[in-house]
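Trainee: Below you'll find final.txt; it's compact mmCIF, C-alpha atoms and all ligand atoms.
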```
# COMPACT_ATOMS: atom_id res chain seq x y z
CA MET A 293 0.00 0.00 0.00
CA SER A 294 1.07 3.53 -0.58
CA HIS A 295 2.56 5.57 2.21
CA ARG A 296 0.07 8.37 1.54
CA PHE A 297 -1.68 9.35 4.72
CA LYS A 298 -5.40 8.96 4.79
CA SER A 299 -6.98 12.05 6.25
CA VAL A 300 -5.86 15.60 5.78
CA PRO A 301 -6.82 17.87 8.65
CA VAL A 302 -7.99 20.68 6.37
CA ARG A 303 -9.49 19.61 3.07
CA SER A 304 -7.98 21.72 0.33
CA SER A 305 -11.45 22.32 -1.17
CA GLU A 306 -12.45 24.31 1.91
CA ILE A 307 -10.04 27.13 1.25
CA THR A 308 -8.97 29.32 -1.64
CA PRO A 309 -6.47 27.86 -4.12
CA LYS A 310 -3.53 30.21 -3.57
CA GLU A 311 -3.69 29.96 0.21
CA VAL A 312 -1.14 28.05 2.21
CA TYR A 313 -3.31 25.15 3.26
CA LEU A 314 -1.35 22.72 5.31
CA SER A 315 0.36 24.07 8.38
CA ARG A 316 3.88 23.18 9.47
CA ARG A 317 2.48 21.24 12.42
CA ASP A 318 0.16 19.19 10.18
CA PHE A 319 3.03 18.37 7.91
CA ILE A 320 5.19 17.16 10.75
CA LYS A 321 2.32 14.87 11.69
CA ALA A 322 2.16 13.73 8.08
CA ALA A 323 5.87 12.94 8.15
CA GLY A 324 5.27 10.77 11.22
CA VAL A 325 2.48 8.87 9.49
CA LEU A 326 4.79 8.38 6.52
CA ALA A 327 7.11 6.26 8.61
CA GLY A 328 4.25 4.61 10.51
CA SER A 329 2.18 3.45 7.57
CA ALA A 330 5.10 1.62 5.98
CA ALA A 331 5.34 -0.52 9.10
CA LEU A 332 1.56 -1.00 9.15
CA ALA A 333 1.35 -2.18 5.55
CA ALA A 334 2.12 -5.79 6.37
CA CYS A 335 -0.77 -5.93 8.90
CA ALA A 336 -3.41 -4.63 6.49
CA PRO A 337 -3.60 -7.20 3.70
CA GLY A 338 -7.27 -6.57 2.94
CA GLU A 339 -6.80 -2.92 2.16
CA THR A 340 -6.89 -1.85 -1.47
CA ALA A 341 -5.65 1.33 -3.10
CA GLU A 342 -9.26 2.06 -4.12
CA GLU A 343 -10.43 2.24 -0.51
CA SER A 344 -7.80 4.80 0.37
CA THR A 345 -8.20 7.01 -2.70
CA PRO A 346 -9.13 10.43 -1.36
CA GLN A 347 -12.21 12.12 -2.76
CA PHE A 348 -12.10 15.82 -3.53
CA THR A 349 -15.30 17.77 -3.89
CA GLY A 350 -16.08 21.44 -4.24
CA PRO A 351 -15.15 23.95 -6.93
CA ALA A 352 -12.28 23.01 -9.25
CA LYS A 353 -8.89 24.53 -8.54
CA LEU A 354 -7.80 26.80 -11.39
CA ASP A 355 -4.34 27.73 -12.62
CA GLU A 356 -3.48 31.37 -13.37
CA LEU A 357 -4.82 31.01 -16.93
CA GLY A 358 -8.17 29.79 -15.58
CA ASP A 359 -7.59 26.16 -16.59
CA PRO A 360 -9.10 23.66 -14.12
CA ALA A 361 -6.81 21.20 -12.36
CA ASN A 362 -7.06 17.59 -13.46
CA THR A 363 -8.73 15.27 -10.96
CA TYR A 364 -6.69 13.45 -8.30
CA GLU A 365 -7.66 10.22 -10.04
CA GLU A 366 -6.31 11.40 -13.43
CA ILE A 367 -3.09 12.75 -11.95
CA THR A 368 -2.37 9.54 -10.04
CA SER A 369 -3.44 6.95 -12.67
CA TYR A 370 -1.59 8.09 -15.83
CA ASN A 371 2.10 8.40 -15.05
CA ASN A 372 5.46 8.31 -16.74
CA TYR A 373 7.83 6.49 -14.44
CA TYR A 374 10.10 4.15 -16.40
CA GLU A 375 11.62 2.65 -13.25
CA PHE A 376 8.27 0.87 -12.87
CA SER A 377 6.92 0.61 -16.41
CA ALA A 378 6.84 2.32 -19.80
CA ASN A 379 3.05 1.84 -19.73
CA LYS A 380 1.45 4.89 -18.12
CA GLU A 381 -1.53 2.95 -16.78
CA ALA A 382 0.66 0.20 -15.29
CA VAL A 383 2.82 2.45 -13.10
CA LYS A 384 0.35 2.99 -10.25
CA PRO A 385 -0.16 -0.67 -9.24
CA LEU A 386 3.54 -1.48 -9.73
CA ALA A 387 4.59 1.43 -7.49
CA GLU A 388 2.20 0.49 -4.71
CA ASN A 389 4.77 -1.24 -2.51
CA PHE A 390 7.61 1.20 -3.10
CA ASN A 391 9.20 2.27 0.20
CA ALA A 392 9.33 6.06 0.36
CA ALA A 393 10.46 6.01 3.99
CA PRO A 394 13.00 6.13 5.45
CA TRP A 395 14.59 8.46 2.90
CA THR A 396 17.47 10.91 2.68
CA VAL A 397 18.47 13.50 0.09
CA GLU A 398 22.17 14.29 -0.21
CA VAL A 399 23.02 17.81 -1.38
CA THR A 400 26.66 17.91 -2.35
CA GLY A 401 29.33 18.99 -4.85
CA MET A 402 30.37 22.63 -5.27
CA VAL A 403 28.84 23.92 -2.05
CA ALA A 404 30.32 25.43 1.10
CA ASN A 405 27.90 23.54 3.29
CA PRO A 406 27.10 20.00 2.00
CA LYS A 407 24.26 18.32 3.81
CA THR A 408 22.22 15.12 3.91
CA TYR A 409 18.61 15.83 4.74
CA GLY A 410 16.23 13.34 6.31
CA ILE A 411 12.88 13.42 4.52
CA GLU A 412 10.99 14.41 7.70
CA ASP A 413 13.18 17.51 7.81
CA LEU A 414 12.33 18.40 4.21
CA LEU A 415 8.62 17.77 4.72
CA ALA A 416 8.48 19.90 7.83
CA ARG A 417 10.89 22.77 7.62
CA PHE A 418 9.75 24.76 4.62
CA THR A 419 6.56 26.61 3.85
CA GLN A 420 4.21 24.17 2.21
CA GLU A 421 2.58 26.19 -0.48
CA GLU A 422 0.17 25.13 -3.23
CA ARG A 423 1.20 25.90 -6.81
CA ILE A 424 -1.19 24.93 -9.58
CA TYR A 425 1.05 24.24 -12.60
CA ARG A 426 0.55 22.88 -16.10
CA LEU A 427 2.68 19.82 -16.86
CA ARG A 428 3.37 19.34 -20.58
CA CYS A 429 4.77 15.95 -21.46
CA VAL A 430 7.07 15.74 -24.49
CA GLU A 431 4.60 13.11 -25.78
CA ALA A 432 2.11 15.97 -26.40
CA TRP A 433 -0.33 15.40 -23.56
CA SER A 434 -0.72 17.68 -20.57
CA MET A 435 -2.30 18.00 -17.14
CA VAL A 436 -2.85 20.72 -14.55
CA ILE A 437 -1.58 19.66 -11.12
CA PRO A 438 -1.90 21.31 -7.69
CA TRP A 439 1.54 20.70 -6.21
CA MET A 440 2.73 21.35 -2.71
CA GLY A 441 6.35 21.80 -1.84
CA PHE A 442 9.01 24.48 -1.63
CA THR A 443 11.36 26.25 -4.01
CA LEU A 444 14.56 24.49 -4.99
CA ALA A 445 16.23 27.89 -4.51
CA SER A 446 15.42 27.84 -0.79
CA LEU A 447 17.27 24.55 -0.37
CA LEU A 448 20.23 25.52 -2.55
CA LYS A 449 20.77 28.78 -0.66
CA GLU A 450 21.11 26.77 2.51
CA VAL A 451 24.02 24.69 1.21
CA GLU A 452 25.74 27.79 -0.23
CA PRO A 453 26.79 26.97 -3.80
CA THR A 454 30.32 28.18 -4.60
CA SER A 455 30.90 30.61 -7.48
CA ASP A 456 32.20 27.68 -9.59
CA ALA A 457 28.82 25.92 -9.54
CA LYS A 458 27.13 26.32 -12.94
CA TYR A 459 24.67 23.40 -13.01
CA VAL A 460 22.61 21.24 -10.69
CA ARG A 461 22.49 17.48 -11.23
CA PHE A 462 19.66 15.35 -9.81
CA GLU A 463 19.57 11.60 -9.30
CA THR A 464 16.65 9.20 -8.70
CA VAL A 465 16.95 6.31 -6.25
CA TYR A 466 18.41 3.06 -7.67
CA ARG A 467 16.52 0.05 -6.30
CA PRO A 468 16.20 -2.63 -8.97
CA GLU A 469 14.53 -4.98 -6.45
CA GLU A 470 11.61 -2.59 -5.96
CA MET A 471 11.72 -0.96 -9.39
CA LYS A 472 11.60 -3.72 -11.97
CA GLY A 473 11.98 -1.28 -14.87
CA GLN A 474 15.55 -0.69 -13.68
CA GLY A 475 16.29 -4.21 -14.92
CA SER A 476 15.96 -2.89 -18.48
CA PRO A 477 19.40 -2.58 -20.14
CA PHE A 478 18.10 0.04 -22.57
CA TYR A 479 18.35 2.88 -20.06
CA PRO A 480 21.39 4.21 -18.17
CA TRP A 481 20.09 3.92 -14.60
CA PRO A 482 19.77 5.69 -12.27
CA TYR A 483 17.59 8.36 -13.92
CA GLN A 484 19.45 11.66 -13.96
CA GLU A 485 18.49 15.19 -14.83
CA GLY A 486 20.07 18.61 -14.76
CA LEU A 487 19.34 22.32 -14.72
CA ARG A 488 21.48 25.36 -15.31
CA MET A 489 22.02 27.32 -12.08
CA ASP A 490 19.72 30.21 -13.07
CA GLU A 491 16.94 27.76 -14.00
CA ALA A 492 17.38 26.00 -10.68
CA MET A 493 17.17 29.30 -8.79
CA ASN A 494 14.02 30.49 -10.61
CA ASP A 495 11.04 30.90 -8.28
CA LEU A 496 8.87 28.58 -10.43
CA THR A 497 11.17 25.61 -9.83
CA LEU A 498 9.86 23.42 -7.00
CA LEU A 499 10.84 20.45 -4.97
CA ALA A 500 7.38 18.93 -4.60
CA THR A 501 6.43 16.76 -1.64
CA GLY A 502 2.73 16.35 -2.33
CA LEU A 503 -0.28 17.08 -4.50
CA TYR A 504 -3.93 17.91 -3.76
CA GLY A 505 -2.94 18.32 -0.11
CA GLU A 506 -1.80 14.70 0.16
CA MET A 507 1.73 13.43 0.51
CA MET A 508 3.27 12.58 -2.85
CA PRO A 509 1.81 9.32 -4.20
CA ASN A 510 4.47 6.74 -5.12
CA GLN A 511 3.62 6.85 -8.83
CA ASN A 512 4.11 10.63 -8.90
CA GLY A 513 7.60 10.45 -7.40
CA ALA A 514 7.38 9.96 -3.63
CA PRO A 515 8.65 11.25 -1.38
CA ILE A 516 10.15 14.24 -3.23
CA ARG A 517 10.44 15.18 -6.91
CA LEU A 518 11.37 18.14 -9.04
CA VAL A 519 8.78 20.27 -10.87
CA VAL A 520 9.96 22.60 -13.68
CA PRO A 521 6.72 23.78 -15.29
CA TRP A 522 8.12 25.53 -18.41
CA LYS A 523 10.03 22.42 -19.52
CA TYR A 524 8.83 19.09 -20.91
CA GLY A 525 7.80 16.69 -18.15
CA PHE A 526 10.89 14.50 -18.37
CA LYS A 527 12.97 17.24 -16.68
CA SER A 528 10.81 16.87 -13.56
CA ILE A 529 12.75 13.97 -12.04
CA LYS A 530 11.05 11.78 -9.41
CA SER A 531 12.12 10.18 -6.11
CA ILE A 532 15.31 12.22 -5.74
CA VAL A 533 18.14 10.95 -3.50
CA LYS A 534 20.97 13.20 -4.65
CA ILE A 535 21.40 16.83 -5.73
CA GLU A 536 24.88 17.79 -6.87
CA LEU A 537 26.22 21.25 -7.73
CA THR A 538 28.76 21.08 -10.54
CA ASP A 539 30.60 23.09 -13.19
CA GLN A 540 29.91 20.41 -15.83
CA LYS A 541 26.68 20.20 -17.83
CA PRO A 542 25.07 17.01 -16.44
CA ASN A 543 24.26 14.02 -18.60
CA THR A 544 20.56 13.27 -18.53
CA LEU A 545 18.90 9.89 -19.06
CA TRP A 546 16.84 10.92 -22.07
CA ASN A 547 19.60 12.96 -23.69
CA THR A 548 21.93 9.95 -23.37
CA VAL A 549 19.36 7.54 -24.87
CA ALA A 550 18.33 9.76 -27.83
CA PRO A 551 20.22 13.07 -28.07
CA ASN A 552 18.49 14.15 -31.28
CA GLU A 553 15.06 13.74 -29.67
CA TYR A 554 15.61 15.02 -26.13
CA GLY A 555 17.88 17.97 -25.51
CA PHE A 556 19.32 19.28 -22.27
CA TYR A 557 17.07 22.37 -22.19
CA ALA A 558 13.73 20.75 -23.14
CA ASN A 559 11.84 24.04 -22.92
CA VAL A 560 8.22 23.65 -24.05
CA ASN A 561 8.29 25.17 -27.53
CA PRO A 562 5.45 24.82 -30.08
CA THR A 563 7.76 25.95 -32.92
CA VAL A 564 10.41 23.23 -32.46
CA ASP A 565 9.01 19.81 -33.32
CA HIS A 566 10.14 16.52 -31.89
CA PRO A 567 11.73 14.59 -34.82
CA ARG A 568 8.79 12.15 -34.79
CA TRP A 569 5.82 14.43 -34.00
CA SER A 570 4.62 18.02 -33.81
CA GLN A 571 4.84 20.01 -30.59
CA ALA A 572 2.38 22.67 -31.82
CA SER A 573 -0.60 21.24 -29.91
CA GLU A 574 -1.38 18.95 -27.02
CA ARG A 575 -4.10 16.73 -25.60
CA ARG A 576 -5.13 17.91 -22.14
CA ILE A 577 -6.04 14.75 -20.24
CA GLY A 578 -9.83 14.78 -19.74
CA GLU A 579 -10.57 17.06 -22.73
CA LEU A 580 -11.77 16.15 -26.23
CA THR A 581 -10.38 19.05 -28.29
CA ARG A 582 -6.64 19.57 -28.61
CA ARG A 583 -5.16 22.78 -27.27
CA ALA A 584 -2.46 24.95 -28.82
CA THR A 585 0.80 24.52 -26.92
CA LEU A 586 2.08 27.76 -25.40
CA MET A 587 5.71 28.95 -25.61
CA PHE A 588 7.45 28.00 -22.34
CA ASN A 589 4.16 26.26 -21.46
CA GLY A 590 2.68 29.71 -20.77
CA TYR A 591 5.38 30.76 -18.27
CA GLY A 592 7.32 33.04 -20.66
CA GLU A 593 6.88 36.11 -18.52
CA GLN A 594 8.87 34.44 -15.74
CA VAL A 595 11.50 32.58 -17.79
CA ALA A 596 11.96 33.96 -21.34
CA ASP A 597 14.84 36.18 -20.12
CA LEU A 598 16.87 33.09 -19.18
CA TYR A 599 17.18 32.24 -22.89
CA ALA A 600 17.37 35.72 -24.45
CA ASP A 601 20.71 35.05 -26.19
CA MET A 602 20.06 31.47 -27.29
CA ASP A 603 18.80 29.96 -30.53
CA LEU A 604 16.17 27.61 -29.10
CA SER A 605 15.99 25.53 -32.27
CA LEU A 606 19.63 24.55 -31.61
CA PHE A 607 19.39 24.41 -27.81
CA TYR A 608 16.19 22.35 -27.69
N1 LIG A 701 12.78 9.08 -12.16
C1 LIG A 701 11.93 9.41 -13.13
N2 LIG A 701 11.43 10.65 -13.18
C2 LIG A 701 10.55 10.99 -14.17
C3 LIG A 701 10.19 10.06 -15.18
C4 LIG A 701 10.74 8.75 -15.10
O1 LIG A 701 10.47 7.86 -15.94
N3 LIG A 701 11.59 8.46 -14.06
N4 LIG A 701 9.34 10.45 -16.20
C5 LIG A 701 9.28 11.89 -16.50
C6 LIG A 701 8.23 12.23 -17.45
S1 LIG A 701 8.52 11.85 -19.08
C7 LIG A 701 7.10 12.93 -17.09
S2 LIG A 701 5.99 13.46 -18.25
C8 LIG A 701 6.81 13.21 -15.67
C9 LIG A 701 5.43 12.66 -15.31
O2 LIG A 701 5.08 13.02 -14.01
P1 LIG A 701 3.69 12.50 -13.39
O3 LIG A 701 3.63 11.01 -13.63
O4 LIG A 701 3.75 12.83 -11.95
O5 LIG A 701 2.61 13.22 -14.12
O6 LIG A 701 7.76 12.62 -14.79
C10 LIG A 701 9.11 12.72 -15.21
N5 LIG A 701 10.02 12.25 -14.18
MO MO A 702 7.04 13.20 -20.34
```
Output the file's structure as structure tokens, nothing else.

Mentor:
Amino acid sequence: MSHRFKSVPVRSSEITPKEVYLSRRDFIKAAGVLAGSAALAACAPGETAEESTPQFTGPAKLDELGDPANTYEEITSYNNYYEFSANKEAVKPLAENFNAAPWTVEVTGMVANPKTYGIEDLLARFTQEERIYRLRCVEAWSMVIPWMGFTLASLLKEVEPTSDAKYVRFETVYRPEEMKGQGSPFYPWPYQEGLRMDEAMNDLTLLATGLYGEMMPNQNGAPIRLVVPWKYGFKSIKSIVKIELTDQKPNTLWNTVAPNEYGFYANVNPTVDHPRWSQASERRIGELTRRATLMFNGYGEQVADLYADMDLSLFY
């Protein structure tokens, strides 16, 4: 069973979307349940994922463009997570027994103050803020997801990157026993991703620890994953165990597998097609008519400056 805790003290539907909706104290409690429910799993054989799926009622949450968030069910049943499966509908059941606790995240490399954080610390110490972001997969589908978490910048400032640090490298956990997809020789495990320092420090960039007011479901990258909303979904690496500051541009899993299809930058760009399909439009999960894809996924005001001097058809 998933480590997700079952009842949230304040239902997110009872308050306005932009409000901070889970207090520090509640999140500390949640962190406690995280550890507790893993131990309980073995004693609750009759329990199914269906029984513990939270129900959300009330008015839809909207992003800043007025687009409604996808349902909890949609967001947690259609997932890219190759460590479990390449089939988006198969990930959820395969991830059910993944152990997201105990967990540590090592922040290291070109920093004055390297640190290994326990997950309870990360869940509890930062402001837990809801951000309703569009996620645009490179496969031309999209969702709107109400994330909770904190800015990557807030964590990086704490470890004090040196002036040599130019990039941030992220690494997913490597557990082939629990993640059968990691047995596939076609991918260079563990999954890795990278950002340029200024991208990492942008206020949009989150380390997400939950969604819809619940702790992060396993299939969405428990217990902590990156969210970079102006880039294709594959940049938003799941189940992070290591963050490394470096002066070298990091290798990324998808860029290593198919460099002509998946670049390092991966900014959402309707004018630069994937070699095998158009990026001009997308299928929003739950909608019948395709939508036009927006430059930088609609976040150009916040991020276009980062790429002012670059030819984005070359640096895709
Ligand atoms: N470790 C890891 N992170 C990953 C992936 C993956 O296969 N493994 N898939 C990526 C892709 S392609 C997408 S679109 C998003 C999907 O996130 P979601 O399942 O939470 O919607 O996760 C990204 N992060
Ligand atoms: Mo994706």

Trainee: Would you mind telling me which residue in A:Asn512, A:Pro480, A:Glu553, A:Ile535 lies nearest to Ala387 of chain A when using all atoms listed in the file?

Mentor: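 Among the listed residues, the smallest separation from Ala387 of chain A belongs to A:Asn512.
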
Trainee: Quick one: contact table of chain A to ligand MO 702 (chain A), 7 Å max, nearest atom pair and distance in Å to one decimal per residue, counting only C-alpha atoms and all ligand atoms, chain and number order, as a tab-separated table?

Mentor:
```
residue	atom	partner	partner_atom	distance
A:Asn372	CA	A:MO702	MO	6.3
A:Cys429	CA	A:MO702	MO	3.7
A:Val430	CA	A:MO702	MO	4.9
A:Glu431	CA	A:MO702	MO	6.0
A:Tyr524	CA	A:MO702	MO	6.2
A:Gly525	CA	A:MO702	MO	4.2
A:Phe526	CA	A:MO702	MO	4.5
```

Trainee: Using only C-alpha atoms, which residues sit within 12 Å of Asn405 of chain A once same-chain residues fewer than 5 positions away are excluded, as a PyMOL selection string?

Mentor: chain A and resi 398-400+447-454+537

Trainee: Taking all atoms of ligand LIG 701 (chain A) that the file lists, what box with edges along x, y and z, padded by 6 Å per side, do you get, with centre and edge lengths in Å to one decimal, as lines of an AutoDock Vina configuration file?

Mentor:
```
center_x = 7.7
center_y = 10.7
center_z = -15.5
size_x = 22.2
size_y = 17.6
size_z = 19.1
```

Trainee: Compile a residue-level contact table for chain A against ligand LIG 701 (chain A) at a cut-off of 9 Å, reporting for every qualifying residue the shortest atom pair and its distance in Å to one decimal, with all atoms listed in the file counted, rows ordered by chain and ascending number, as a tab-separated table.

Mentor:
```
residue	atom	partner	partner_atom	distance
A:Ile367	CA	A:LIG701	O5	6.1
A:Thr368	CA	A:LIG701	O3	7.1
A:Ser369	CA	A:LIG701	O3	8.2
A:Tyr370	CA	A:LIG701	O3	6.4
A:Asn371	CA	A:LIG701	O3	3.3
A:Asn372	CA	A:LIG701	N4	4.5
A:Tyr373	CA	A:LIG701	O1	3.3
A:Tyr374	CA	A:LIG701	O1	3.8
A:Glu375	CA	A:LIG701	N3	5.9
A:Phe376	CA	A:LIG701	O1	7.9
A:Ser377	CA	A:LIG701	O1	8.1
A:Ala378	CA	A:LIG701	O1	7.7
A:Lys380	CA	A:LIG701	O3	7.9
A:Val383	CA	A:LIG701	O3	8.6
A:Leu427	CA	A:LIG701	O5	7.1
A:Arg428	CA	A:LIG701	S2	6.8
A:Cys429	CA	A:LIG701	S2	4.2
A:Val430	CA	A:LIG701	S2	6.7
A:Glu431	CA	A:LIG701	S2	7.7
A:Trp433	CA	A:LIG701	S2	8.5
A:Ser434	CA	A:LIG701	S2	8.3
A:Met435	CA	A:LIG701	O5	7.5
A:Ile437	CA	A:LIG701	O5	8.2
A:Glu463	CA	A:LIG701	N1	7.8
A:Thr464	CA	A:LIG701	N1	5.2
A:Val465	CA	A:LIG701	N1	7.7
A:Pro482	CA	A:LIG701	N1	7.8
A:Tyr483	CA	A:LIG701	N1	5.2
A:Gln484	CA	A:LIG701	N1	7.4
A:Glu485	CA	A:LIG701	N2	8.6
A:Pro509	CA	A:LIG701	O4	8.7
A:Gln511	CA	A:LIG701	O3	6.4
A:Asn512	CA	A:LIG701	O4	3.8
A:Gly513	CA	A:LIG701	O4	6.4
A:Arg517	CA	A:LIG701	N2	7.8
A:Leu518	CA	A:LIG701	N5	7.9
A:Val519	CA	A:LIG701	O6	8.7
A:Tyr524	CA	A:LIG701	S2	6.8
A:Gly525	CA	A:LIG701	S2	3.7
A:Phe526	CA	A:LIG701	C5	3.6
A:Lys527	CA	A:LIG701	C10	6.1
A:Ser528	CA	A:LIG701	N5	4.7
A:Ile529	CA	A:LIG701	N2	3.8
A:Lys530	CA	A:LIG701	N2	4.0
A:Ser531	CA	A:LIG701	N1	6.2
A:Ile532	CA	A:LIG701	N1	7.6
A:Leu545	CA	A:LIG701	N3	9.0
A:Trp546	CA	A:LIG701	S1	8.9
```

Trainee: Please identify every residue of segment 346-414 of chain A that has at least one atom no farther than 12 Å from an atom of segment 586-596 of chain A, counting only C-alpha atoms, and for each give the shortest atom pair and the distance in Å to one decimal, arranged by chain then increasing number, as a Markdown table.

Mentor:
```
| residue | atom | partner | partner_atom | distance |
| --- | --- | --- | --- | --- |
| A:Asp355 | CA | A:Gly590 | CA | 10.9 |
| A:Glu356 | CA | A:Gly590 | CA | 9.8 |
| A:Leu357 | CA | A:Gly590 | CA | 8.5 |
| A:Asp359 | CA | A:Gly590 | CA | 11.6 |
```
